[in-house]
>>> print(open('protein-v2.cif').read())   # mmCIF, C-alpha atoms
data_my_file
loop_
_atom_site.label_atom_id
_atom_site.label_comp_id
_atom_site.auth_asym_id
_atom_site.auth_seq_id
_atom_site.Cartn_x
_atom_site.Cartn_y
_atom_site.Cartn_z
CA MET G 221 -13.96 18.23 -20.28
CA THR G 222 -15.14 15.49 -22.68
CA ILE G 223 -12.30 16.31 -25.09
CA LEU G 224 -9.79 16.23 -22.23
CA LYS G 225 -11.12 12.89 -21.01
CA SER G 226 -10.86 11.44 -24.52
CA PHE G 227 -7.28 12.69 -24.73
CA PHE G 228 -6.37 11.03 -21.42
CA ASP G 229 -8.14 7.79 -22.38
CA LEU G 230 -6.25 7.59 -25.66
CA ASN G 231 -2.93 8.18 -23.94
CA ARG G 232 -3.67 5.50 -21.35
CA LYS G 233 -4.50 3.04 -24.12
CA ILE G 234 -1.16 3.71 -25.82
CA SER G 235 0.73 3.57 -22.52
CA PHE G 236 -0.73 0.22 -21.52
CA SER G 237 -0.11 -1.16 -25.01
CA PHE G 238 3.55 -0.29 -24.59
CA ASP G 239 3.59 -2.06 -21.22
CA LYS G 240 2.74 -5.33 -22.97
CA LEU G 241 6.24 -5.25 -24.47
CA LEU G 242 7.81 -5.42 -21.01
CA PRO G 243 8.29 -8.48 -18.78
CA ARG G 244 5.10 -9.44 -16.98
CA SER G 245 6.82 -8.90 -13.63
CA MET G 246 6.93 -5.18 -14.44
CA SER G 247 3.17 -4.95 -14.91
CA ILE G 248 1.97 -6.23 -11.52
CA TYR G 249 0.27 -3.65 -9.33
CA GLY G 250 1.26 -3.93 -5.68
CA THR G 251 -2.25 -3.26 -4.37
CA THR G 252 -3.71 -5.89 -6.69
CA ASP G 253 -1.09 -8.46 -5.70
CA PHE G 254 -1.77 -7.70 -2.03
CA HIS G 255 -5.43 -8.68 -2.38
CA GLU G 256 -5.33 -11.35 -5.06
CA ARG G 257 -2.21 -13.28 -4.02
CA LEU G 258 -0.78 -12.39 -0.62
CA LEU G 259 -3.94 -12.32 1.50
CA PRO G 260 -5.42 -15.55 0.05
CA ALA G 261 -2.04 -17.29 0.38
CA TYR G 262 -1.51 -16.49 4.05
CA ILE G 263 -4.83 -15.70 5.77
CA GLN G 264 -6.43 -18.75 7.39
CA ASP G 265 -9.89 -19.59 8.73
CA ASN G 266 -11.03 -18.36 12.15
CA TRP G 267 -8.22 -15.83 12.51
CA THR G 268 -8.27 -12.55 14.40
CA ILE G 269 -6.80 -9.89 12.14
CA TYR G 270 -5.76 -6.30 12.81
CA ASP G 271 -6.41 -4.04 9.80
CA ILE G 272 -4.06 -1.09 10.25
CA GLY G 273 -5.09 2.12 8.51
CA GLY G 274 -7.95 0.64 6.49
CA GLY G 275 -10.33 3.24 7.89
CA LYS G 276 -13.57 3.37 5.95
CA ARG G 277 -12.30 0.74 3.46
CA PRO G 278 -11.30 -2.39 5.39
CA PHE G 279 -8.80 -4.44 3.42
CA ILE G 280 -10.32 -7.75 4.41
CA PHE G 281 -13.24 -7.57 2.02
CA PRO G 282 -16.68 -8.77 3.27
CA GLU G 283 -16.60 -11.94 1.16
CA MET G 284 -13.29 -13.10 2.68
CA LYS G 285 -14.40 -12.08 6.18
CA VAL G 286 -17.51 -14.25 5.96
CA ASP G 287 -15.92 -17.13 4.05
CA LYS G 288 -13.03 -17.49 6.48
CA ASN G 289 -14.93 -16.48 9.62
CA ILE G 290 -12.48 -13.70 10.39
CA THR G 291 -12.65 -11.47 13.44
CA LEU G 292 -11.56 -8.07 12.12
CA ILE G 293 -10.17 -5.29 14.30
CA GLY G 294 -9.82 -1.91 12.64
CA VAL G 295 -7.05 0.39 13.86
CA ASP G 296 -6.81 3.94 12.58
CA ILE G 297 -5.73 7.33 13.89
CA ASP G 298 -8.98 8.86 12.61
CA GLU G 299 -12.17 7.67 14.34
CA THR G 300 -14.32 9.38 11.71
CA GLU G 301 -12.76 7.21 9.00
CA LEU G 302 -13.40 4.05 11.02
CA ARG G 303 -17.03 5.01 11.62
CA LYS G 304 -17.58 5.35 7.87
CA ALA G 305 -16.78 1.69 7.25
CA PRO G 306 -19.66 -0.52 6.09
CA GLN G 307 -21.71 -1.81 8.99
CA ASN G 308 -20.44 -5.04 10.57
CA ASN G 309 -17.16 -5.03 8.63
CA TYR G 310 -15.20 -4.38 11.80
CA ASP G 311 -15.89 -6.46 14.88
CA GLN G 312 -13.96 -3.93 16.95
CA ILE G 313 -12.37 -0.55 16.29
CA ILE G 314 -9.35 1.00 17.98
CA VAL G 315 -8.51 4.67 17.55
CA ALA G 316 -4.74 4.90 17.89
CA ASP G 317 -1.53 6.27 16.43
CA MET G 318 0.49 3.19 15.47
CA THR G 319 3.76 4.98 16.18
CA ALA G 320 2.80 4.86 19.89
CA TYR G 321 0.32 1.97 20.20
CA THR G 322 1.15 -1.30 21.97
CA GLY G 323 -1.05 -4.22 21.00
CA ALA G 324 -2.42 -7.04 23.12
CA GLY G 325 -0.54 -9.77 21.28
CA ASP G 326 -3.74 -11.69 20.60
CA GLY G 327 -3.96 -11.48 16.81
CA HIS G 328 -3.02 -14.04 14.19
CA ALA G 329 -2.17 -11.40 11.59
CA VAL G 330 -1.75 -7.71 10.90
CA ILE G 331 -2.50 -6.36 7.45
CA SER G 332 -1.49 -2.91 6.25
CA ARG G 333 -1.88 -1.57 2.72
CA SER G 334 -0.63 1.88 1.77
CA THR G 335 -0.46 3.07 5.38
CA LEU G 336 3.24 3.08 6.27
CA GLU G 337 3.92 6.07 4.03
CA HIS G 338 1.50 8.13 6.14
CA VAL G 339 3.20 7.60 9.51
CA LYS G 340 6.07 9.73 10.77
CA ASP G 341 8.05 6.83 12.23
CA THR G 342 7.92 3.52 10.39
CA LYS G 343 10.48 1.90 12.69
CA SER G 344 8.23 2.16 15.75
CA THR G 345 5.15 1.37 13.66
CA ILE G 346 6.57 -1.96 12.45
CA ALA G 347 7.52 -2.88 16.02
CA ASN G 348 4.07 -1.91 17.30
CA MET G 349 2.37 -3.90 14.54
CA GLY G 350 4.36 -6.87 15.79
CA SER G 351 2.98 -6.30 19.30
CA CYS G 352 -0.53 -6.96 17.97
CA VAL G 353 0.10 -10.60 17.05
CA LYS G 354 0.94 -13.81 18.89
CA GLU G 355 4.27 -15.58 18.57
CA GLY G 356 4.27 -17.10 15.10
CA GLY G 357 1.78 -14.49 13.86
CA ILE G 358 2.35 -12.59 10.64
CA LEU G 359 2.35 -9.07 9.26
CA ILE G 360 1.43 -8.51 5.63
CA VAL G 361 2.35 -4.98 4.58
CA PHE G 362 2.46 -3.04 1.33
CA ALA G 363 3.79 0.48 0.82
CA PRO G 364 4.93 2.70 -2.05
CA CYS G 365 8.65 3.40 -2.26
CA ARG G 366 9.78 6.89 -1.27
CA ASN G 367 12.17 7.03 -4.24
CA ALA G 368 9.55 6.33 -6.90
CA LEU G 369 9.07 9.31 -9.18
CA PHE G 370 5.40 9.74 -8.27
CA THR G 371 6.24 9.93 -4.55
CA ARG G 372 8.88 12.57 -5.23
CA LEU G 373 6.29 14.58 -7.13
CA ASN G 374 3.91 14.15 -4.21
CA ASP G 375 6.54 15.83 -2.03
CA TRP G 376 7.33 18.63 -4.48
CA LEU G 377 3.91 19.70 -5.74
CA PRO G 378 1.77 22.18 -3.74
CA GLU G 379 -1.21 20.51 -2.05
CA SER G 380 -3.78 22.61 -3.95
CA LEU G 381 -2.26 21.66 -7.31
CA LYS G 382 -2.14 17.96 -6.32
CA ARG G 383 -5.84 18.03 -5.48
CA LYS G 384 -6.74 19.55 -8.84
CA LEU G 385 -4.61 17.05 -10.74
CA LEU G 386 -6.07 14.09 -8.85
CA GLY G 387 -9.58 15.34 -9.51
CA ALA G 388 -8.90 15.79 -13.22
CA LEU G 389 -7.20 12.42 -13.65
CA TYR G 390 -9.13 10.16 -11.29
CA GLY G 391 -12.52 11.81 -10.78
CA ASP G 392 -14.42 10.46 -7.77
CA GLN G 393 -11.50 8.19 -6.83
CA ALA G 394 -9.56 11.30 -5.86
CA ASP G 395 -11.65 11.46 -2.67
CA VAL G 396 -9.79 8.46 -1.25
CA MET G 397 -6.37 9.66 -2.39
CA GLY G 398 -4.08 12.44 -1.32
CA PHE G 399 -3.69 11.90 2.44
CA GLU G 400 -0.54 13.54 3.79
CA ALA G 401 2.46 11.27 3.25
CA PHE G 402 5.89 11.32 4.91
CA TYR G 403 7.56 8.22 3.36
CA ASP G 404 9.72 7.76 6.45
CA ARG G 405 12.24 4.98 5.68
CA CYS G 406 9.90 3.75 2.94
CA THR G 407 12.46 1.91 0.85
CA PRO G 408 13.12 -1.84 0.70
CA SER G 409 16.53 -1.52 2.36
CA LYS G 410 15.31 0.65 5.23
CA MET G 411 12.18 -1.45 5.75
CA LYS G 412 14.31 -4.57 6.10
CA GLU G 413 16.29 -2.72 8.78
CA ASN G 414 13.02 -1.86 10.55
CA ILE G 415 11.98 -5.52 10.49
CA GLN G 416 15.31 -6.74 11.83
CA GLU G 417 15.50 -4.11 14.58
CA ALA G 418 11.98 -5.03 15.73
CA GLY G 419 13.12 -8.61 16.26
CA LEU G 420 10.87 -9.89 13.47
CA LYS G 421 11.71 -12.20 10.58
CA MET G 422 11.15 -11.46 6.92
CA GLU G 423 9.35 -14.37 5.29
CA GLU G 424 8.69 -12.93 1.83
CA GLU G 425 9.72 -9.82 -0.09
CA THR G 426 8.11 -8.62 -3.32
CA LEU G 427 9.17 -5.53 -5.25
CA TYR G 428 6.78 -3.82 -7.67
CA TRP G 429 7.63 -1.79 -10.76
CA MET G 430 4.15 -0.81 -11.91
CA SER G 431 1.90 2.21 -11.37
CA ASN G 432 -0.32 4.20 -13.69
CA TYR G 433 0.41 7.76 -12.58
CA PHE G 434 2.00 8.81 -15.89
CA ALA G 435 -0.19 6.79 -18.26
CA PHE G 436 -2.36 9.85 -18.96
CA PHE G 437 0.46 11.20 -21.23
CA PHE G 438 2.16 8.36 -23.07
CA PRO G 439 5.51 10.06 -23.97
CA VAL G 440 6.23 10.59 -20.26
CA HIS G 441 4.96 7.11 -19.41
CA ILE G 442 7.28 5.47 -21.94
CA LEU G 443 10.33 7.45 -20.79
CA TRP G 444 9.52 6.55 -17.20
CA ARG G 445 9.20 2.86 -18.10
CA LEU G 446 12.57 2.86 -19.88
CA TYR G 447 14.11 4.46 -16.78
CA GLN G 448 12.59 1.70 -14.64
CA VAL G 449 13.92 -1.05 -16.87
CA SER G 450 17.39 0.47 -16.51
CA VAL G 451 17.44 0.84 -12.73
CA ARG G 452 15.99 -2.64 -12.25
CA LEU G 453 18.62 -4.12 -14.55
CA PHE G 454 21.33 -2.63 -12.35
CA GLY G 455 19.72 -3.94 -9.16
CA MET G 456 18.74 -0.51 -7.82
CA ASN G 457 15.80 -1.89 -5.84
CA ASP G 458 15.37 1.21 -3.69
CA LEU G 459 14.06 2.93 -6.84
CA CYS G 460 11.12 0.54 -7.25
CA GLU G 461 7.48 1.72 -7.22
CA GLY G 462 6.50 -0.19 -4.12
CA PHE G 463 7.14 -3.26 -2.01
CA ALA G 464 5.38 -5.86 0.10
CA TYR G 465 6.64 -7.90 3.00
CA VAL G 466 5.30 -10.90 4.84
CA ILE G 467 6.85 -10.75 8.30
CA ARG G 468 6.84 -13.44 10.97
CA LYS G 469 6.94 -12.79 14.71
#
>>> encode(input="protein-v2.cif", output="structure tokens")
Amino acid sequence: MTILKSFFDLNRKISFSFDKLLPRSMSIYGTTDFHERLLPAYIQDNWTIYDIGGGKRPFIFPEMKVDKNITLIGVDIDETELRKAPQNNYDQIIVADMTAYTGAGDGHAVISRSTLEHVKDTKSTIANMGSCVKEGGILIVFAPCRNALFTRLNDWLPESLKRKLLGALYGDQADVMGFEAFYDRCTPSKMKENIQEAGLKMEEETLYWMSNYFAFFFPVHILWRLYQVSVRLFGMNDLCEGFAYVIRK
């Protein structure tokens, strides 16, 4: 196992060294950008925020919650996941399926990171997220793209094999990965249709071209990166790795 880990570590080092040759915009992780840029840019003091699908890991971190005096409402289909969250992180929890839930329209914002790919109907989910906020409220959402190579592999590989691979590559982090994913309409073009049909307005769109799923074997990683450069050059945005939207009600 030590030899295998050393092999993976060396390949990751080479992969990430190659990434330095690419434009910086192709090396931004969507999840990192969500927390380090989008949330600080839009979330204001004394807001009530719905965290959709955060479960045991609320995406408004404790420091931000305290600093901005945020009232945080956790919404998840799995009550067990919500109950595992650190004490006092959520001020209220709601156990609900967002494809069928209608909100009270009392929130200032909805945040959702890597949740849309796990619902069977993103069109209704986006509309129902909108029902959680007041007029003028915002939704900040991030999701992986269904056409990214790693999402296609997620569809094709048997569940047992996926679990073994995640365990070998990510160790303890694999415990928070691997939830069933459907990727319903999870492309930039389809998500913009969802937003429009829900009567909401798109305020900001960001496409991401970075993930580390193939870094463990640098020849594959480099071929994948060259493929990405090509599809991006030709404006094939529905083949990106992921996307984020700031949506205004």
>>> residues_around(input="protein-v2.cif", residues="Leu259 in chain G", least_positions_apart="3", cutoff="10 Å", atoms="only C-alpha atoms", output="list in words")
Asp253, Phe254, His255, Glu256, Tyr262, Ile263, Gln264, Phe279, Ile280, Met284, Ile331, Ile360 and Val466 of chain G
>>> write_last_selection(input="protein-v2.cif", atoms="C-alpha atoms", output="short mmCIF file (atom, residue, chain, number, x, y, z; two decimals), keeping the file's coordinate frame")
data_model
loop_
_atom_site.label_atom_id
_atom_site.label_comp_id
_atom_site.auth_asym_id
_atom_site.auth_seq_id
_atom_site.Cartn_x
_atom_site.Cartn_y
_atom_site.Cartn_z
CA ASP G 253 -1.09 -8.46 -5.70
CA PHE G 254 -1.77 -7.70 -2.03
CA HIS G 255 -5.43 -8.68 -2.38
CA GLU G 256 -5.33 -11.35 -5.06
CA TYR G 262 -1.51 -16.49 4.05
CA ILE G 263 -4.83 -15.70 5.77
CA GLN G 264 -6.43 -18.75 7.39
CA PHE G 279 -8.80 -4.44 3.42
CA ILE G 280 -10.32 -7.75 4.41
CA MET G 284 -13.29 -13.10 2.68
CA ILE G 331 -2.50 -6.36 7.45
CA ILE G 360 1.43 -8.51 5.63
CA VAL G 466 5.30 -10.90 4.84
#
>>> closest_residue(input="protein-v2.cif", among="G:Glu417, G:Asp298, G:Asp326, G:Asp239", to="Ile358 in chain G", atoms="all atoms listed in the file")
G:Asp326
>>> resolve_selection(input="protein-v2.cif", expression="the PyMOL selection byres ((chain G and resi 469) around 6)", output="CSV table (one decimal) with C-alpha atoms, keeping the file's coordinate frame")
chain,number,residue,atom,x,y,z
G,355,GLU,CA,4.3,-15.6,18.6
G,356,GLY,CA,4.3,-17.1,15.1
G,357,GLY,CA,1.8,-14.5,13.9
G,420,LEU,CA,10.9,-9.9,13.5
G,468,ARG,CA,6.8,-13.4,11.0
>>> residues_around(input="protein-v2.cif", residues="Glu424 in chain G", least_positions_apart="3", cutoff="9 Å", atoms="all atoms listed in the file", output="tab-separated table (two decimals) with C-alpha atoms, in the frame of the given file")
chain	number	residue	atom	x	y	z
G	464	ALA	CA	5.38	-5.86	0.10
G	465	TYR	CA	6.64	-7.90	3.00
G	466	VAL	CA	5.30	-10.90	4.84
G	467	ILE	CA	6.85	-10.75	8.30
>>> closest_residue(input="protein-v2.cif", among="G:Val286, G:Lys276, G:Ala305, G:Gly350", to="Lys421 in chain G", atoms="only C-alpha atoms")
G:Gly350
>>> residues_around(input="protein-v2.cif", residues="Ile346 in chain G", least_positions_apart="3", cutoff="12 Å", atoms="all atoms listed in the file", output="number ranges by chain")
G: 272, 318-323, 330-332, 335-337, 339-343, 349-353, 358-362, 404-406, 410-422, 465-469
>>> resolve_selection(input="protein-v2.cif", expression="the PyMOL selection byres ((chain G and resi 316) around 7)", output="VMD selection string")
chain G and resid 295 to 297 314 to 315 317 to 318 321
>>> write_last_selection(input="protein-v2.cif", atoms="C-alpha atoms", output="compact mmCIF listing (two decimals), keeping the file's coordinate frame")
# COMPACT_ATOMS: atom_id res chain seq x y z
CA VAL G 295 -7.05 0.39 13.86
CA ASP G 296 -6.81 3.94 12.58
CA ILE G 297 -5.73 7.33 13.89
CA ILE G 314 -9.35 1.00 17.98
CA VAL G 315 -8.51 4.67 17.55
CA ASP G 317 -1.53 6.27 16.43
CA MET G 318 0.49 3.19 15.47
CA TYR G 321 0.32 1.97 20.20
>>> atom_distance(input="protein-v2.cif", atom1="CA of Trp429 in chain G", atom2="CA of Met456 in chain G")
11.6 Å
>>> resolve_selection(input="protein-v2.cif", expression="the PyMOL selection byres ((chain G and resi 275) around 6)", output="list in words")
Gly273, Gly274, Lys276, Arg277, Asp296, Glu301 and Leu302 of chain G
>>> atom_distance(input="protein-v2.cif", atom1="CA of Asn308 in chain G", atom2="CA of Pro278 in chain G")
10.8 Å
>>> atom_distance(input="protein-v2.cif", atom1="CA of Lys354 in chain G", atom2="CA of Asp311 in chain G")
18.8 Å
>>> residues_around(input="protein-v2.cif", residues="Phe437 in chain G", least_positions_apart="3", cutoff="7 Å", atoms="all atoms listed in the file", output="list in words")
Phe228, Asn231, Phe434, Val440 and His441 of chain G
>>> write_last_selection(input="protein-v2.cif", atoms="C-alpha atoms", output="PDB file, in the frame of the given file")
ATOM      1  CA  PHE G 228      -6.370  11.030 -21.420  1.00  0.00           C
ATOM      2  CA  ASN G 231      -2.930   8.180 -23.940  1.00  0.00           C
ATOM      3  CA  PHE G 434       2.000   8.810 -15.890  1.00  0.00           C
ATOM      4  CA  VAL G 440       6.230  10.590 -20.260  1.00  0.00           C
ATOM      5  CA  HIS G 441       4.960   7.110 -19.410  1.00  0.00           C
TER       6      HIS G 441
END
